[in-house]
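Trainee: One structure, as structure tokens, below. Some questions next.
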Amino acid sequence: MEALKYMSAAFTNPLLFVLVAVGCFSGVYIGAIPGLSGTMAVSILVSFTFGWKTETALALMIGVFVGVVYGGSRSAILLNIPGAPAAVATALDGYPLAKKGKAGYAMGIATTQSIIGTAIGIAVLMFAAPLVAKIALKFKSVDYLMLAFMGLMMVGSLGGKSIASGIIGGCIGLFLGCVGIDPQTAVKRFTFDIPYLNSGVHFVVAMIGLFGASEAFVQISDRGAKPVKQEIDKIIPTFGESLKYIPLTLRSAVLGVVIGALPGAGGDIAALLAYDQAKRSVKNPAVPFGEGAVEGIVAPETANNAAIGGAFIPMLTLGIPGDAITAVLISALSIQGIQVGPKFIQQQPDMYWLIIAFLWIGAVFLCIFGLTGIKLFAKVVEIPKGILMPMILVLSVIGAFAIRNSLYDIFWMFGFGLIGYFLKKYDFPIAPVVLGSILITLFENNFRRGVLLAKGSVWKMFLSIFKSPISVLLFVAIVYLILSQTAAYKKLMAKLRKR
């Protein structure tokens, strides 16, 4: 009853209600623009709302958080330009659906799954936050290392028909992630004495170039193709279709919450891992993955939105940010004199339940803003190429520049656009390149930390895997993933199915 009393303060206050709505609406469209991240938007709001009351500032920022995670899927589906790294996996099947004239249906699926994922994440935050936080605390550096390794193993799944091409793409991404000054030793790596490479290559710049600019180059070179007429009669999936995807939705939501609760992981990795588990677990999809499989939208969109609730768990219960946006929110709360941590729920239950109320209101407005305007947005794909392709290039330039306000990032973006163009021409997948550049930091940092904790011995670090149930579980999962790709395993499973 006390929880309902605190939450009702948000639902009955028109100002707070409107601020969450404005934040959610803004977040949806900020997220749809490549390079304009939620972290950037919330960071700006911290200074903008400095003199506001705590609850009003939080209402606006949480609304933006909820909207921006979903927003990235729109440009991913319509233009093959993920608005955020968390939407990379969505583009793999969302854009092929748009090319088949089903952009409206793809966005409808993305919206409904985002709402479901957000709701599940908030529910876990409400009822199981302390439990999930305890599990997250048990993750050691070696566990994060194995998690990153599992992610890197996804290159086979994201490599389309050829595992070798996926591995090549993943290696390119790993190389790009290593460029720049080493953050721990200050050694220059792969800079070739070019000063502009000292700060490294931002993976979002690479993502915009590889997905956005390269798609524009491909479309410009194929000027004879006409825009695809979109079917906009069916947007929202039927109840029967939703039931069909419930097992996949639940698996993806759990994965999203857990990965979201791990400090430094976030929705980017959750979405990619969810896509991988969907590709491995869904047998005989109606359409192959990578060619417009609905499951390829269901899994990542559920996971990256479930990670919202997951990211709040360590933030509110431990004072540790789950991702970049919650790190900014911790700063915003500390400016207001509020310290989150183990005693936050007991000492300030009113603020805890108010935050949860804002998240629920954000989920409601995500449903409203997500489902409205889909028919209009679907028409974007029908714009003549002579107009649409320059628009894509302009958006790519804006997005690349907005990340670090650097002109050199624009040059890098066009360079990656040319690389992506040739990769597409020769049937090399692009997603593994982005995956490698995202995961290399998580992999490298935790490898170093694990070796330091093992007193400089890689062997001792490896043996430490068998001292924790979580580590053992992750190790078994990695072994299974490796064996499942072998010809012997596939033959064995085929024989077992015949019996």
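By order of appearance in the structure tokens: chains A, B, ..., then residues from 1 within every chain, and ligands from 1 in the order shown.
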Select from stretch 21-257 of chain A everything DSSP, run on the backbone, classes as helix (DSSP H, G or I), then give the selection as a PyMOL selection string.
Mentor: chain A and resi 21-31+38-48+54-79+85-99+103-137+141-152+155-158+163-178+195-197+203-221+239-244+246-257
Trainee: For A:Ile465, work out the shell of residues within 12 Å, counting only C-alpha atoms and skipping chain neighbours fewer than 5 positions away, then give it as a PyMOL selection string.
Mentor: chain A and resi 139-146+450+454+458-460+470-476
Trainee: For a test of reading the model, state the distance in Å between atom CA of A:Met126 and atom CA of A:Cys24, rounded to one decimal.
Mentor: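 The value is 20.6 Å.
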Trainee: Can you pull out every residue within 7 Å of A:Ala261, counting only C-alpha atoms, but drop anything in the same chain fewer than 2 positions away, and send it as a count of residues only?
Mentor: 10
Trainee: Tell me which of A:Val66, A:Ile44, A:Leu79, A:Leu248 sits closest to A:Glu295, counting only C-alpha atoms.
Mentor: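 Comparing A:Val66, A:Ile44, A:Leu79, A:Leu248 against A:Glu295, the winner is A:Leu248.
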Trainee: Quick one: residues within 7 Å of A:Pro82, only C-alpha atoms counted, chain neighbours fewer than 3 positions away excluded, as a CSV table (one decimal) with N, CA, C and O atoms, in the first residue's frame?
Mentor:
```csv
chain,number,residue,atom,x,y,z
A,34,PRO,N,21.0,8.8,-36.1
A,34,PRO,CA,22.3,8.1,-35.8
A,34,PRO,C,23.3,9.1,-35.1
A,34,PRO,O,23.4,10.3,-35.6
A,72,GLY,N,16.0,3.9,-31.8
A,72,GLY,CA,17.0,3.4,-32.7
A,72,GLY,C,16.5,2.4,-33.7
A,72,GLY,O,17.1,2.3,-34.8
A,73,SER,N,15.4,1.7,-33.4
A,73,SER,CA,14.9,0.7,-34.3
A,73,SER,C,14.3,1.3,-35.5
A,73,SER,O,14.2,0.6,-36.6
A,75,SER,N,15.1,4.0,-37.5
A,75,SER,CA,16.1,4.2,-38.6
A,75,SER,C,16.7,2.9,-39.1
A,75,SER,O,17.1,2.7,-40.2
A,76,ALA,N,16.9,1.9,-38.1
A,76,ALA,CA,17.4,0.6,-38.4
A,76,ALA,C,16.6,-0.1,-39.4
A,76,ALA,O,17.1,-0.7,-40.4
A,85,PRO,N,23.8,1.7,-31.1
A,85,PRO,CA,24.3,0.3,-31.2
A,85,PRO,C,23.4,-0.8,-30.8
A,85,PRO,O,23.5,-1.9,-31.3
A,87,ALA,N,20.5,-1.1,-31.6
A,87,ALA,CA,19.6,-1.5,-32.7
A,87,ALA,C,20.3,-2.1,-33.9
A,87,ALA,O,19.7,-2.4,-35.0
A,88,VAL,N,21.6,-2.5,-33.7
A,88,VAL,CA,22.3,-3.1,-34.8
A,88,VAL,C,21.7,-4.4,-35.2
A,88,VAL,O,21.5,-4.7,-36.4
A,91,ALA,N,18.5,-4.2,-37.3
A,91,ALA,CA,18.6,-3.9,-38.7
A,91,ALA,C,18.8,-5.1,-39.5
A,91,ALA,O,18.5,-5.1,-40.7
```
Trainee: Do you know which residues are at most 8 Å from A:Gly94 counting only C-alpha atoms, after dropping those on the same chain fewer than 3 positions away, and could you put them as an MDAnalysis selection string?
Mentor: chainID A and resid 76:78 90:91 97:98 103 106:107 292 294 296:297
Trainee: Pick from A:Pro130, A:Gly63, A:Gly108, A:Pro390: nearest to A:Ser242, with only C-alpha atoms counted?
Mentor: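 Closest to A:Ser242, using only C-alpha atoms: A:Gly108.
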Trainee: Applying 8 Å and only C-alpha atoms, which residues near stretch 341-358 of chain A remain after dropping the ones on its own chain fewer than 4 positions away? List them as a list in words.
Mentor: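 Listed by chain and then number, they are Ala3, Tyr6, Met7, Ser8, Ala9, Ala10, Phe11, Val20, Glu55, Leu58, Ala59, Ile62, Gly63, Ile122, Leu125, Met126, Met315, Leu316, Thr317, Leu318, Gly319, Ile320 and Gly362 of chain A.
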Trainee: Between A:Val42, A:Leu272, A:Ala303, A:Ala86, which has the minimum distance to A:Met207 (counting only C-alpha atoms)?
Mentor: A:Ala86
Trainee: In Å, with one decimal, what is the gap from atom CA of A:Thr249 to atom CA of A:Trp360?
Mentor: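 Between atom CA of A:Thr249 and atom CA of A:Trp360 the gap is 19.0 Å.
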Trainee: When you count only C-alpha atoms, which of these residues is closest to A:Leu329: A:Met493, A:Val179, A:Leu388, A:Val64?
Mentor: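 Smallest distance to A:Leu329 is found for A:Val64.
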Trainee: So, with only C-alpha atoms as the atoms that count, which of A:Phe25, A:Phe211, A:Phe127, A:Phe65 lies closest to A:Gly415?
Mentor: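 Between A:Phe25, A:Phe211, A:Phe127, A:Phe65, the residue approaching A:Gly415 most closely is A:Phe211.
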Trainee: From a backbone DSSP assignment, name each residue in stretch 100-216 of chain A labelled strand (DSSP E or B), as number ranges by chain.
Mentor: A: 180-181, 188-189
Trainee: Please produce a file of the residues just selected, as a short mmCIF file (atom, residue, chain, number, x, y, z; two decimals), in the first residue's frame, where the atoms kept are all heavy atoms.
Mentor:
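For reference, out06.cif as written:
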```cif
data_model
loop_
_atom_site.label_atom_id
_atom_site.label_comp_id
_atom_site.auth_asym_id
_atom_site.auth_seq_id
_atom_site.Cartn_x
_atom_site.Cartn_y
_atom_site.Cartn_z
N GLY A 180 44.52 3.49 -31.35
CA GLY A 180 44.56 4.63 -30.44
C GLY A 180 45.54 4.43 -29.30
O GLY A 180 46.29 3.45 -29.27
N ILE A 181 45.54 5.35 -28.36
CA ILE A 181 46.43 5.25 -27.20
C ILE A 181 45.84 4.29 -26.18
O ILE A 181 44.68 4.43 -25.79
CB ILE A 181 46.65 6.64 -26.56
CG1 ILE A 181 47.39 7.56 -27.55
CG2 ILE A 181 47.43 6.54 -25.27
CD1 ILE A 181 47.59 8.97 -27.05
N LYS A 188 50.96 3.93 -27.96
CA LYS A 188 50.19 4.14 -29.19
C LYS A 188 50.08 2.83 -29.96
O LYS A 188 51.09 2.15 -30.20
CB LYS A 188 50.87 5.19 -30.07
CG LYS A 188 50.90 6.58 -29.44
CD LYS A 188 51.61 7.58 -30.35
CE LYS A 188 51.64 8.96 -29.70
NZ LYS A 188 52.34 9.94 -30.57
N ARG A 189 48.85 2.49 -30.34
CA ARG A 189 48.62 1.23 -31.05
C ARG A 189 48.00 1.50 -32.42
O ARG A 189 46.94 2.11 -32.51
CB ARG A 189 47.69 0.31 -30.23
CG ARG A 189 48.21 0.02 -28.84
CD ARG A 189 47.35 -0.97 -28.09
NE ARG A 189 45.99 -0.50 -27.89
CZ ARG A 189 45.08 -1.14 -27.16
NH1 ARG A 189 45.40 -2.26 -26.55
NH2 ARG A 189 43.87 -0.65 -27.02
#
```
Trainee: With only C-alpha atoms as the basis for distance, which of A:Ala332, A:Ile308, A:Leu92, A:Ile30 is at the shortest distance from A:Pro288?
Mentor: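 Among A:Ala332, A:Ile308, A:Leu92, A:Ile30, it is A:Leu92 that comes nearest to A:Pro288.
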